[in-house]
file run_14.csv (CSV, C-alpha atoms and all ligand atoms)
chain,number,residue,atom,x,y,z
A,1,MET,CA,92.8,-4.0,107.1
A,2,ALA,CA,95.1,-1.4,105.6
A,3,ALA,CA,97.4,-2.8,102.9
A,4,ILE,CA,100.9,-3.8,104.0
A,5,PRO,CA,103.5,-1.5,102.6
A,6,GLN,CA,106.4,-2.9,100.7
A,7,VAL,CA,110.1,-1.8,100.5
A,8,SER,CA,112.5,-2.4,97.6
A,9,LEU,CA,115.9,-3.8,98.4
A,10,ILE,CA,119.2,-3.3,96.5
A,11,SER,CA,120.1,-6.0,94.0
A,12,CYS,CA,116.7,-7.6,94.3
A,13,GLU,CA,113.8,-7.3,91.9
A,14,LYS,CA,111.1,-8.4,94.3
A,15,PRO,CA,109.8,-5.9,97.0
A,16,MET,CA,109.6,-7.1,100.6
A,17,PRO,CA,106.5,-6.6,102.7
A,18,VAL,CA,107.5,-4.4,105.7
A,19,ILE,CA,106.1,-6.7,108.3
A,20,GLY,CA,106.9,-10.4,108.4
A,21,MET,CA,105.9,-13.3,110.7
A,22,GLY,CA,108.8,-14.6,112.8
A,23,THR,CA,108.9,-18.3,113.3
A,24,SER,CA,111.4,-18.6,116.2
A,25,SER,CA,109.2,-19.7,119.1
A,26,TYR,CA,109.9,-20.4,122.8
A,27,PRO,CA,109.6,-23.1,123.9
A,28,PRO,CA,110.2,-24.5,120.4
A,29,ALA,CA,106.8,-25.2,118.8
A,30,ASP,CA,106.1,-28.7,117.5
A,31,PHE,CA,105.6,-29.3,113.8
A,32,GLU,CA,101.8,-29.1,113.7
A,33,THR,CA,101.6,-26.1,116.0
A,34,ALA,CA,104.0,-24.1,113.9
A,35,LYS,CA,102.4,-25.2,110.6
A,36,THR,CA,98.9,-24.3,111.9
A,37,ALA,CA,100.1,-20.9,113.2
A,38,ILE,CA,101.8,-20.1,109.8
A,39,LEU,CA,98.6,-21.1,107.9
A,40,GLU,CA,96.6,-18.8,110.2
A,41,ALA,CA,99.1,-16.0,109.5
A,42,ILE,CA,98.7,-16.5,105.7
A,43,LYS,CA,94.9,-16.3,106.3
A,44,ALA,CA,95.4,-13.1,108.4
A,45,GLY,CA,97.3,-11.5,105.5
A,46,TYR,CA,101.0,-12.1,106.2
A,47,ARG,CA,103.0,-12.6,103.1
A,48,HIS,CA,106.5,-12.4,104.5
A,49,PHE,CA,107.9,-15.1,106.7
A,50,ASP,CA,111.2,-15.2,108.6
A,51,THR,CA,112.8,-18.6,109.3
A,52,ALA,CA,116.2,-20.1,109.8
A,53,PHE,CA,117.9,-23.5,109.7
A,54,ALA,CA,118.5,-23.1,113.4
A,55,TYR,CA,114.8,-22.6,114.3
A,56,GLY,CA,113.7,-25.9,113.0
A,57,SER,CA,110.8,-24.0,111.4
A,58,GLU,CA,111.8,-24.4,107.8
A,59,LYS,CA,109.9,-27.7,107.4
A,60,PRO,CA,106.6,-26.6,109.0
A,61,LEU,CA,106.8,-23.4,106.9
A,62,GLY,CA,107.3,-25.4,103.7
A,63,GLU,CA,104.3,-27.6,104.6
A,64,ALA,CA,102.2,-24.5,105.4
A,65,ILE,CA,103.1,-23.0,102.1
A,66,ALA,CA,102.2,-26.2,100.2
A,67,GLU,CA,98.9,-26.3,102.1
A,68,ALA,CA,98.1,-22.6,101.4
A,69,LEU,CA,98.5,-23.4,97.7
A,70,ARG,CA,96.3,-26.5,97.9
A,71,LEU,CA,93.6,-24.5,99.8
A,72,GLY,CA,93.9,-21.6,97.3
A,73,LEU,CA,94.8,-19.1,100.0
A,74,ILE,CA,97.6,-18.0,97.6
A,75,GLN,CA,97.7,-18.7,93.9
A,76,SER,CA,101.5,-18.9,93.6
A,77,ARG,CA,104.5,-19.2,95.8
A,78,ASP,CA,105.7,-15.9,94.2
A,79,GLU,CA,103.2,-14.1,96.3
A,80,LEU,CA,105.3,-14.8,99.4
A,81,PHE,CA,108.6,-13.4,100.6
A,82,ILE,CA,110.6,-16.0,102.4
A,83,THR,CA,113.8,-15.4,104.4
A,84,THR,CA,116.0,-18.0,105.8
A,85,LYS,CA,119.5,-18.0,107.4
A,86,LEU,CA,122.8,-19.8,107.1
A,87,TRP,CA,123.6,-21.4,110.5
A,88,CYS,CA,127.0,-20.8,111.9
A,89,SER,CA,128.0,-24.5,111.8
A,90,PHE,CA,127.9,-24.2,108.0
A,91,ALA,CA,129.7,-20.9,107.7
A,92,GLN,CA,132.5,-22.0,105.3
A,93,ARG,CA,133.1,-21.2,101.6
A,94,ASP,CA,132.4,-24.7,100.3
A,95,GLN,CA,129.4,-25.3,102.5
A,96,ILE,CA,127.2,-22.3,101.7
A,97,VAL,CA,125.6,-23.5,98.4
A,98,PRO,CA,124.9,-27.1,99.7
A,99,THR,CA,123.5,-25.6,102.9
A,100,CYS,CA,121.2,-23.2,101.1
A,101,LYS,CA,120.0,-26.2,99.0
A,102,MET,CA,119.3,-28.1,102.2
A,103,SER,CA,117.1,-25.2,103.4
A,104,LEU,CA,115.3,-25.1,100.1
A,105,GLN,CA,114.6,-28.8,100.5
A,106,ASN,CA,113.2,-28.3,104.0
A,107,LEU,CA,111.1,-25.5,102.6
A,108,LYS,CA,110.1,-27.5,99.5
A,109,LEU,CA,110.9,-24.4,97.5
A,110,ASP,CA,113.0,-23.7,94.4
A,111,TYR,CA,114.3,-20.4,95.8
A,112,VAL,CA,114.1,-18.2,98.8
A,113,ASP,CA,113.7,-14.4,98.6
A,114,LEU,CA,116.4,-13.6,101.1
A,115,TYR,CA,119.3,-15.6,102.5
A,116,LEU,CA,121.1,-14.2,105.5
A,117,ILE,CA,124.3,-15.1,107.4
A,118,HIS,CA,122.7,-15.7,110.8
A,119,MET,CA,125.6,-14.4,113.0
A,120,PRO,CA,129.1,-13.1,112.3
A,121,LEU,CA,131.0,-16.2,113.6
A,122,ARG,CA,131.6,-19.8,112.7
A,123,LEU,CA,131.0,-22.9,114.9
A,124,SER,CA,133.2,-25.9,114.1
A,125,GLN,CA,130.5,-28.4,115.2
A,126,MET,CA,126.8,-28.9,114.6
A,127,ILE,CA,125.1,-28.2,117.9
A,128,GLN,CA,121.9,-29.5,119.4
A,129,LYS,CA,121.6,-27.0,122.2
A,130,THR,CA,122.9,-23.7,123.5
A,131,PRO,CA,125.1,-22.3,125.1
A,132,VAL,CA,128.0,-23.8,123.3
A,133,ASP,CA,131.6,-24.7,124.3
A,134,GLU,CA,134.1,-21.9,123.7
A,135,GLU,CA,136.5,-24.2,121.7
A,136,ILE,CA,134.0,-24.5,118.8
A,137,ILE,CA,133.6,-20.7,118.3
A,138,HIS,CA,135.7,-19.2,115.5
A,139,PRO,CA,136.0,-15.9,113.6
A,140,LEU,CA,134.0,-15.8,110.4
A,141,ASP,CA,135.9,-16.0,107.1
A,142,VAL,CA,134.0,-13.0,105.8
A,143,LYS,CA,135.4,-13.1,102.2
A,144,GLY,CA,134.9,-16.8,101.7
A,145,VAL,CA,131.5,-16.9,103.2
A,146,TRP,CA,130.3,-13.8,101.3
A,147,GLU,CA,131.5,-15.4,98.0
A,148,GLY,CA,129.4,-18.4,98.8
A,149,MET,CA,126.4,-16.2,99.5
A,150,GLU,CA,127.0,-14.4,96.2
A,151,GLU,CA,127.1,-17.8,94.4
A,152,CYS,CA,123.7,-18.7,95.9
A,153,GLN,CA,122.2,-15.5,94.4
A,154,LYS,CA,123.9,-16.1,91.0
A,155,LEU,CA,122.6,-19.7,90.9
A,156,GLY,CA,119.1,-18.3,91.5
A,157,LEU,CA,118.7,-20.2,94.9
A,158,THR,CA,117.9,-16.8,96.5
A,159,LYS,CA,116.7,-13.4,95.1
A,160,ALA,CA,118.8,-11.4,97.6
A,161,ILE,CA,121.5,-11.9,100.2
A,162,GLY,CA,122.2,-10.2,103.4
A,163,VAL,CA,123.5,-10.6,107.0
A,164,SER,CA,122.2,-10.6,110.5
A,165,ASN,CA,123.6,-9.4,113.8
A,166,PHE,CA,126.4,-7.5,111.9
A,167,SER,CA,127.9,-4.3,113.4
A,168,ARG,CA,129.1,-1.4,111.4
A,169,GLN,CA,132.6,-2.8,111.5
A,170,LYS,CA,131.5,-6.2,110.2
A,171,LEU,CA,129.4,-4.6,107.5
A,172,GLU,CA,132.5,-2.6,106.4
A,173,GLU,CA,134.4,-5.8,106.0
A,174,VAL,CA,131.7,-7.2,103.8
A,175,LEU,CA,131.4,-4.1,101.7
A,176,SER,CA,135.1,-4.0,101.1
A,177,ILE,CA,135.1,-7.3,99.3
A,178,ALA,CA,131.5,-7.7,98.1
A,179,LYS,CA,130.6,-7.9,94.4
A,180,ILE,CA,126.9,-8.0,95.4
A,181,PRO,CA,126.5,-5.7,98.5
A,182,PRO,CA,124.3,-7.0,101.3
A,183,ALA,CA,120.7,-6.0,100.8
A,184,VAL,CA,119.6,-6.4,104.4
A,185,ASN,CA,121.1,-6.4,107.9
A,186,GLN,CA,118.6,-8.1,110.3
A,187,VAL,CA,119.3,-6.8,113.9
A,188,GLU,CA,117.5,-6.3,117.2
A,189,LEU,CA,115.7,-3.0,117.0
A,190,ASN,CA,112.8,-1.7,119.2
A,191,PRO,CA,111.9,1.2,121.5
A,192,VAL,CA,114.4,0.1,124.1
A,193,TRP,CA,117.2,-0.6,121.7
A,194,GLN,CA,116.8,2.0,119.0
A,195,GLN,CA,120.1,1.5,117.0
A,196,LYS,CA,120.3,5.1,115.8
A,197,GLN,CA,124.0,4.9,114.7
A,198,LEU,CA,123.6,1.6,112.9
A,199,ARG,CA,120.5,2.9,111.1
A,200,GLU,CA,122.3,6.0,109.9
A,201,PHE,CA,125.3,3.9,108.6
A,202,CYS,CA,123.1,1.4,106.8
A,203,LYS,CA,121.0,4.2,105.3
A,204,ALA,CA,124.1,5.8,103.9
A,205,LYS,CA,125.2,2.5,102.4
A,206,GLY,CA,121.8,1.5,101.0
A,207,ILE,CA,121.6,-1.5,103.3
A,208,HIS,CA,118.0,-2.1,104.5
A,209,ILE,CA,117.5,-2.9,108.2
A,210,THR,CA,115.0,-5.4,109.3
A,211,ALA,CA,114.1,-5.2,113.0
A,212,TYR,CA,113.9,-8.5,114.9
A,213,SER,CA,112.4,-8.8,118.4
A,214,PRO,CA,110.5,-5.6,117.9
A,215,LEU,CA,108.4,-6.5,121.0
A,216,GLY,CA,111.6,-7.3,123.0
A,217,ALA,CA,111.0,-11.0,122.5
A,218,ASN,CA,108.9,-11.0,125.7
A,219,ASN,CA,108.3,-14.5,127.2
A,220,THR,CA,111.2,-16.0,125.4
A,221,LYS,CA,114.5,-17.1,126.9
A,222,TRP,CA,116.4,-14.6,124.7
A,223,GLY,CA,114.3,-11.5,125.4
A,224,ASP,CA,112.6,-9.7,128.3
A,225,ASN,CA,109.4,-7.8,129.2
A,226,ARG,CA,110.7,-4.2,129.2
A,227,ILE,CA,108.5,-3.2,126.2
A,228,ILE,CA,105.3,-5.0,127.1
A,229,GLU,CA,105.5,-3.7,130.6
A,230,SER,CA,106.6,-0.1,129.7
A,231,ASP,CA,104.4,2.5,131.3
A,232,VAL,CA,105.4,5.1,128.7
A,233,LEU,CA,104.2,2.9,125.8
A,234,ALA,CA,101.1,1.8,127.8
A,235,ASP,CA,100.1,5.4,128.4
A,236,ILE,CA,100.5,6.2,124.7
A,237,ALA,CA,98.5,3.1,123.8
A,238,LYS,CA,95.7,4.0,126.2
A,239,ALA,CA,95.4,7.5,124.9
A,240,ARG,CA,95.3,6.2,121.3
A,241,GLY,CA,93.0,3.2,121.8
A,242,LYS,CA,95.8,0.9,120.7
A,243,THR,CA,97.8,-1.8,122.5
A,244,THR,CA,101.3,-1.4,123.8
A,245,ALA,CA,102.5,-3.9,121.2
A,246,GLN,CA,100.9,-1.9,118.4
A,247,VAL,CA,102.6,1.3,119.6
A,248,ALA,CA,106.0,-0.5,119.7
A,249,LEU,CA,105.5,-2.0,116.2
A,250,ARG,CA,104.3,1.4,114.8
A,251,TRP,CA,107.3,3.1,116.3
A,252,VAL,CA,109.7,0.6,114.7
A,253,TYR,CA,107.9,1.0,111.3
A,254,GLU,CA,108.2,4.8,111.5
A,255,GLN,CA,112.0,4.4,111.7
A,256,GLU,CA,112.0,3.5,108.0
A,257,VAL,CA,112.9,-0.1,108.7
A,258,SER,CA,111.0,-3.3,108.2
A,259,LEU,CA,110.2,-5.7,111.0
A,260,VAL,CA,109.7,-9.4,111.8
A,261,THR,CA,107.6,-10.2,114.8
A,262,LYS,CA,106.3,-13.5,116.0
A,263,SER,CA,102.9,-14.5,117.3
A,264,PHE,CA,101.4,-17.9,117.0
A,265,ASN,CA,98.2,-16.6,118.6
A,266,LYS,CA,95.4,-15.8,116.1
A,267,GLU,CA,94.2,-12.6,117.7
A,268,ARG,CA,97.7,-11.2,118.4
A,269,MET,CA,98.9,-11.9,114.9
A,270,LYS,CA,95.9,-9.8,113.6
A,271,GLU,CA,96.5,-7.1,116.2
A,272,ASN,CA,100.1,-6.8,115.0
A,273,LEU,CA,99.0,-6.0,111.4
A,274,GLN,CA,96.9,-3.1,112.5
A,275,ILE,CA,99.7,-0.5,112.4
A,276,PHE,CA,99.4,1.0,109.0
A,277,ASP,CA,96.5,3.4,109.1
A,278,TRP,CA,97.5,5.7,112.0
A,279,SER,CA,100.7,7.4,113.1
A,280,LEU,CA,102.5,8.6,116.2
A,281,SER,CA,102.6,12.3,117.0
A,282,GLU,CA,105.8,14.3,117.4
A,283,GLU,CA,105.2,14.4,121.2
A,284,GLU,CA,104.7,10.6,121.4
A,285,LEU,CA,107.8,10.0,119.2
A,286,ASP,CA,109.8,12.3,121.6
A,287,LYS,CA,108.7,10.4,124.7
A,288,ILE,CA,109.7,7.1,123.1
A,289,SER,CA,113.1,8.5,122.0
A,290,LYS,CA,113.8,9.1,125.7
A,291,LEU,CA,113.3,5.6,126.9
A,292,PRO,CA,116.3,4.0,128.6
A,293,GLN,CA,118.4,2.0,126.1
A,294,ARG,CA,119.8,-1.5,126.7
A,295,LYS,CA,120.3,-4.3,124.2
A,296,GLY,CA,118.0,-7.2,125.1
A,297,VAL,CA,119.0,-10.1,122.8
A,298,THR,CA,122.8,-10.7,123.1
A,299,LEU,CA,124.8,-13.3,121.2
A,300,ALA,CA,126.3,-14.1,124.6
A,301,SER,CA,122.9,-15.0,126.1
A,302,ILE,CA,122.5,-17.5,123.3
A,303,LEU,CA,126.0,-18.9,122.8
A,304,GLY,CA,127.5,-18.3,126.2
A,305,PRO,CA,129.5,-15.4,127.8
A,306,HIS,CA,132.7,-16.3,125.9
A,307,ASP,CA,135.3,-13.5,125.3
A,308,PHE,CA,134.9,-13.6,121.5
A,309,VAL,CA,131.1,-13.5,121.7
A,310,LEU,CA,131.1,-10.7,124.2
A,311,GLN,CA,133.4,-8.7,121.9
A,312,LEU,CA,130.8,-9.1,119.0
A,313,ASP,CA,128.0,-8.0,121.3
A,314,ALA,CA,130.0,-4.9,122.4
A,315,GLU,CA,130.3,-3.8,118.7
A,316,LEU,CA,126.6,-4.3,118.0
B,1,LIG,N1,118.4,-12.9,113.2
B,1,LIG,C1,118.4,-13.2,114.5
B,1,LIG,O1,119.4,-13.5,115.2
B,1,LIG,C2,117.1,-13.2,115.2
B,1,LIG,C3,115.9,-13.2,114.5
B,1,LIG,N2,114.7,-13.3,115.1
B,1,LIG,C4,113.5,-13.3,114.2
B,1,LIG,O2,112.6,-12.3,114.6
B,1,LIG,C5,111.3,-12.8,114.9
B,1,LIG,C6,110.7,-11.9,115.9
B,1,LIG,O3,111.4,-11.8,117.1
B,1,LIG,P1,111.2,-12.5,118.5
B,1,LIG,O4,112.5,-12.7,119.1
B,1,LIG,O5,110.3,-13.7,118.2
B,1,LIG,O6,110.4,-11.5,119.4
B,1,LIG,P2,109.1,-10.5,119.3
B,1,LIG,O7,109.6,-9.2,119.7
B,1,LIG,O8,108.5,-10.6,118.0
B,1,LIG,O9,108.2,-11.1,120.4
B,1,LIG,C7,107.6,-12.3,120.4
B,1,LIG,C8,106.9,-12.6,121.7
B,1,LIG,O10,105.9,-11.6,121.9
B,1,LIG,C9,104.6,-12.2,122.0
B,1,LIG,N3,103.6,-11.3,121.3
B,1,LIG,C10,103.4,-11.2,120.0
B,1,LIG,N4,102.5,-10.3,119.7
B,1,LIG,C11,102.1,-9.8,120.9
B,1,LIG,C12,101.2,-8.8,121.3
B,1,LIG,N5,100.4,-8.2,120.3
B,1,LIG,N6,101.0,-8.5,122.6
B,1,LIG,C13,101.7,-9.2,123.5
B,1,LIG,N7,102.7,-10.1,123.2
B,1,LIG,C14,102.8,-10.5,121.9
B,1,LIG,C15,104.8,-13.6,121.4
B,1,LIG,O11,103.9,-14.5,122.0
B,1,LIG,P3,102.6,-15.2,121.2
B,1,LIG,O12,103.2,-16.0,120.1
B,1,LIG,O13,102.0,-16.0,122.3
B,1,LIG,O14,101.7,-14.1,120.8
B,1,LIG,C16,106.2,-13.9,121.7
B,1,LIG,O15,106.3,-14.4,123.1
B,1,LIG,C17,111.7,-14.2,115.4
B,1,LIG,O16,110.6,-15.1,115.5
B,1,LIG,C18,112.7,-14.6,114.4
B,1,LIG,O17,112.0,-15.0,113.2
B,1,LIG,C19,114.6,-13.2,116.5
B,1,LIG,C20,115.7,-13.2,117.2
B,1,LIG,C21,117.0,-13.2,116.7
B,2,LIG,O1,118.6,-20.9,121.5
B,2,LIG,C1,118.0,-20.0,121.3
B,2,LIG,C2,117.3,-19.8,120.0
B,2,LIG,O2,118.0,-20.4,118.9
B,2,LIG,C3,117.4,-18.3,119.7
B,2,LIG,O3,118.6,-17.8,120.0
B,2,LIG,C4,117.1,-18.0,118.3
B,2,LIG,O4,115.8,-18.5,118.0
B,2,LIG,C5,117.1,-16.5,118.1
B,2,LIG,O5,115.9,-16.0,118.3
B,2,LIG,C6,117.7,-16.2,116.7
B,2,LIG,O6,116.9,-16.0,115.8
B,2,LIG,O7,118.9,-16.4,116.6

call {"tool": "encode", "arguments": {"input": "run_14.csv", "output": "structure tokens"}}
result
Amino acid sequence: MAAIPQVSLISCEKPMPVIGMGTSSYPPADFETAKTAILEAIKAGYRHFDTAFAYGSEKPLGEAIAEALRLGLIQSRDELFITTKLWCSFAQRDQIVPTCKMSLQNLKLDYVDLYLIHMPLRLSQMIQKTPVDEEIIHPLDVKGVWEGMEECQKLGLTKAIGVSNFSRQKLEEVLSIAKIPPAVNQVELNPVWQQKQLREFCKAKGIHITAYSPLGANNTKWGDNRIIESDVLADIAKARGKTTAQVALRWVYEQEVSLVTKSFNKERMKENLQIFDWSLSEEELDKISKLPQRKGVTLASILGPHDFVLQLDAEL
């Protein structure tokens, strides 16, 4: 297998592997299934894992890391790059540090590598299911919450801090008050939602983009099958002796972003790593650039079609 390239992030000493294993599964995986899949991913060569308080995957990830150390698959936790996210129900100045510590406890770690604000909004209740009632959705106190994130980094609870699902407008708000600028914005990015403008803005500001749902989150309740069923991608794949998924992931990587993709299937997780020893031709890139564009994963599809949420989606 070709080595996995790494990227450096601003305000962070540790480089990030450009491909990470997602851990948000649908339907939600039970503890053992998630832990076993994560261990398989470590065996397959993944060193970057993306979790979130909201996914319920912090505990199985923590257990898988402990087991990987016991088995000698890795010598030290430092060999891994672990990202987790602040859930919207804790998005208040005084709750950020305790919430980060709670995630560390779930993960059985002393620090994470990257801590992200999951979404640019606050929920005034803890939720067990989505969609949520409109009354509990509130604007984010960007200044207070970002100060809390900065405190997490200063305390050494995380090596880097960033955001997720932030539009250009929301990033500008953060940049206007930040002492530590966001290292990463994790957003949906794939051949059918290419995010050209956001990519240009982030590049100019030194904010690294990580693509989520690079395969369009097929077979989940938040995604669709436009990528996996794309004839254009399938034709390129056939001509190159690759799979449609590999063509999509390679295209994402060639946009100078990193990506997190989820597979709990042993063969597919290996397949998804085979994208670093070949490249797409100009002609293939051109065909992909002409694919019809539509956002697949909307905050409204997760939280409900409430005005405030629809407004956030429209900016993204
Ligand atoms: N910050 C945010 O708001 C969000 C972050 N994320 C993060 O990004 C990660 C990845 O995104 P996600 O939404 O899961 O979607 P992906 O685009 O990674 O797609 C995952 C789906 O594709 C299937 N799949 C994986 N590999 C292949 C393949 N080679 N061929 C065919 N099908 C394949 C998986 O099934 P199988 O497991 O059976 O292989 C799964 O159903 C998440 O797990 C999460 O960590 C995702 C959404 C939002
Ligand atoms: O209810 C749906 C799920 O929580 C889903 O929205 C998340 O897992 C999403 O992929 C995310 O990362 O935010």

call {"tool": "atom_distance", "arguments": {"input": "run_14.csv", "atom1": "CA of Phe53 (chain A)", "atom2": "CA of Trp87 (chain A)"}}
result
6.1 Å

call {"tool": "residues_near_ligand", "arguments": {"input": "run_14.csv", "ligand": "ligand LIG 2 (chain B)", "cutoff": "7 Å", "atoms": "all atoms listed in the file", "output": "PyMOL selection string"}}
result
chain A and resi 24-25+54-55+118+129-130+222+302

call {"tool": "closest_residue", "arguments": {"input": "run_14.csv", "among": "A:Phe166, A:Tyr46, A:Trp278, A:Trp251", "to": "ligand LIG 1 (chain B)", "atoms": "only C-alpha atoms and all ligand atoms"}}
result
A:Phe166

call {"tool": "residues_around", "arguments": {"input": "run_14.csv", "residues": "region 143-150 of chain A", "least_positions_apart": "4", "cutoff": "8 Å", "atoms": "only C-alpha atoms", "output": "list in words"}}
result
Ala91, Gln92, Arg93, Asp94, Gln95, Ile96, Val97, Tyr115, Lys154, Ile161, Val174, Ile177, Ala178, Lys179 and Ile180 of chain A

call {"tool": "residues_near_ligand", "arguments": {"input": "run_14.csv", "ligand": "ligand LIG 1 (chain B)", "cutoff": "8 Å", "atoms": "all atoms listed in the file", "output": "CSV table (one decimal) with C-alpha atoms, keeping the file's coordinate frame"}}
result
chain,number,residue,atom,x,y,z
A,21,MET,CA,105.9,-13.3,110.7
A,22,GLY,CA,108.8,-14.6,112.8
A,23,THR,CA,108.9,-18.3,113.3
A,24,SER,CA,111.4,-18.6,116.2
A,25,SER,CA,109.2,-19.7,119.1
A,26,TYR,CA,109.9,-20.4,122.8
A,49,PHE,CA,107.9,-15.1,106.7
A,50,ASP,CA,111.2,-15.2,108.6
A,51,THR,CA,112.8,-18.6,109.3
A,52,ALA,CA,116.2,-20.1,109.8
A,85,LYS,CA,119.5,-18.0,107.4
A,118,HIS,CA,122.7,-15.7,110.8
A,119,MET,CA,125.6,-14.4,113.0
A,164,SER,CA,122.2,-10.6,110.5
A,165,ASN,CA,123.6,-9.4,113.8
A,186,GLN,CA,118.6,-8.1,110.3
A,187,VAL,CA,119.3,-6.8,113.9
A,188,GLU,CA,117.5,-6.3,117.2
A,211,ALA,CA,114.1,-5.2,113.0
A,212,TYR,CA,113.9,-8.5,114.9
A,213,SER,CA,112.4,-8.8,118.4
A,214,PRO,CA,110.5,-5.6,117.9
A,215,LEU,CA,108.4,-6.5,121.0
A,216,GLY,CA,111.6,-7.3,123.0
A,217,ALA,CA,111.0,-11.0,122.5
A,218,ASN,CA,108.9,-11.0,125.7
A,219,ASN,CA,108.3,-14.5,127.2
A,220,THR,CA,111.2,-16.0,125.4
A,222,TRP,CA,116.4,-14.6,124.7
A,223,GLY,CA,114.3,-11.5,125.4
A,228,ILE,CA,105.3,-5.0,127.1
A,243,THR,CA,97.8,-1.8,122.5
A,244,THR,CA,101.3,-1.4,123.8
A,245,ALA,CA,102.5,-3.9,121.2
A,246,GLN,CA,100.9,-1.9,118.4
A,259,LEU,CA,110.2,-5.7,111.0
A,260,VAL,CA,109.7,-9.4,111.8
A,261,THR,CA,107.6,-10.2,114.8
A,262,LYS,CA,106.3,-13.5,116.0
A,263,SER,CA,102.9,-14.5,117.3
A,264,PHE,CA,101.4,-17.9,117.0
A,265,ASN,CA,98.2,-16.6,118.6
A,268,ARG,CA,97.7,-11.2,118.4
A,269,MET,CA,98.9,-11.9,114.9
A,271,GLU,CA,96.5,-7.1,116.2
A,272,ASN,CA,100.1,-6.8,115.0
A,297,VAL,CA,119.0,-10.1,122.8

call {"tool": "closest_residue", "arguments": {"input": "run_14.csv", "among": "A:Glu283, A:Asp78, A:Asp277, A:Glu256", "to": "Lys196 (chain A)", "atoms": "all atoms listed in the file"}}
result
A:Glu256

call {"tool": "atom_distance", "arguments": {"input": "run_14.csv", "atom1": "CA of Cys100 (chain A)", "atom2": "CA of Asp113 (chain A)"}}
result
11.8 Å

call {"tool": "closest_residue", "arguments": {"input": "run_14.csv", "among": "A:Glu267, A:Ser89, A:Ser230, A:Lys108", "to": "Glu40 (chain A)", "atoms": "only C-alpha atoms"}}
result
A:Glu267

call {"tool": "closest_residue", "arguments": {"input": "run_14.csv", "among": "A:Arg168, A:Cys88, A:Glu200, A:Leu312", "to": "Ile136 (chain A)", "atoms": "only C-alpha atoms"}}
result
A:Cys88

call {"tool": "decode", "arguments": {"input": "run_14.csv", "residues": "region 118-122 of chain A", "atoms": "all heavy atoms", "output": "PDB file, in the first residue's frame"}}
result
ATOM      1  N   HIS A 118     -19.209  21.189  16.360  1.00  0.00           N
ATOM      2  CA  HIS A 118     -19.886  20.308  15.390  1.00  0.00           C
ATOM      3  C   HIS A 118     -20.751  21.081  14.390  1.00  0.00           C
ATOM      4  O   HIS A 118     -20.737  20.785  13.191  1.00  0.00           O
ATOM      5  CB  HIS A 118     -20.732  19.282  16.154  1.00  0.00           C
ATOM      6  CG  HIS A 118     -21.034  18.036  15.388  1.00  0.00           C
ATOM      7  ND1 HIS A 118     -21.083  16.806  15.969  1.00  0.00           N
ATOM      8  CD2 HIS A 118     -21.309  17.813  14.084  1.00  0.00           C
ATOM      9  CE1 HIS A 118     -21.361  15.881  15.061  1.00  0.00           C
ATOM     10  NE2 HIS A 118     -21.509  16.477  13.905  1.00  0.00           N
ATOM     11  N   MET A 119     -21.515  22.071  14.892  1.00  0.00           N
ATOM     12  CA  MET A 119     -22.417  22.835  14.011  1.00  0.00           C
ATOM     13  C   MET A 119     -22.524  24.265  14.543  1.00  0.00           C
ATOM     14  O   MET A 119     -22.418  24.475  15.756  1.00  0.00           O
ATOM     15  CB  MET A 119     -23.822  22.223  14.016  1.00  0.00           C
ATOM     16  CG  MET A 119     -23.911  20.848  13.404  1.00  0.00           C
ATOM     17  SD  MET A 119     -25.581  20.165  13.633  1.00  0.00           S
ATOM     18  CE  MET A 119     -25.330  18.511  12.964  1.00  0.00           C
ATOM     19  N   PRO A 120     -22.787  25.244  13.678  1.00  0.00           N
ATOM     20  CA  PRO A 120     -22.830  26.643  14.140  1.00  0.00           C
ATOM     21  C   PRO A 120     -24.175  27.019  14.778  1.00  0.00           C
ATOM     22  O   PRO A 120     -24.848  27.952  14.318  1.00  0.00           O
ATOM     23  CB  PRO A 120     -22.576  27.436  12.847  1.00  0.00           C
ATOM     24  CG  PRO A 120     -23.118  26.567  11.770  1.00  0.00           C
ATOM     25  CD  PRO A 120     -22.947  25.149  12.220  1.00  0.00           C
ATOM     26  N   LEU A 121     -24.559  26.321  15.808  1.00  0.00           N
ATOM     27  CA  LEU A 121     -25.803  26.640  16.522  1.00  0.00           C
ATOM     28  C   LEU A 121     -25.744  26.019  17.905  1.00  0.00           C
ATOM     29  O   LEU A 121     -24.875  25.184  18.189  1.00  0.00           O
ATOM     30  CB  LEU A 121     -27.023  26.100  15.751  1.00  0.00           C
ATOM     31  CG  LEU A 121     -27.040  24.600  15.445  1.00  0.00           C
ATOM     32  CD1 LEU A 121     -27.783  23.825  16.532  1.00  0.00           C
ATOM     33  CD2 LEU A 121     -27.716  24.343  14.116  1.00  0.00           C
ATOM     34  N   ARG A 122     -26.670  26.475  18.775  1.00  0.00           N
ATOM     35  CA  ARG A 122     -26.736  25.903  20.130  1.00  0.00           C
ATOM     36  C   ARG A 122     -28.103  25.261  20.333  1.00  0.00           C
ATOM     37  O   ARG A 122     -29.110  25.789  19.847  1.00  0.00           O
ATOM     38  CB  ARG A 122     -26.539  27.015  21.167  1.00  0.00           C
ATOM     39  CG  ARG A 122     -26.649  26.544  22.609  1.00  0.00           C
ATOM     40  CD  ARG A 122     -26.304  27.647  23.595  1.00  0.00           C
ATOM     41  NE  ARG A 122     -27.339  28.668  23.718  1.00  0.00           N
ATOM     42  CZ  ARG A 122     -28.381  28.591  24.547  1.00  0.00           C
ATOM     43  NH1 ARG A 122     -28.538  27.544  25.341  1.00  0.00           N
ATOM     44  NH2 ARG A 122     -29.267  29.568  24.602  1.00  0.00           N
TER      45      ARG A 122
END
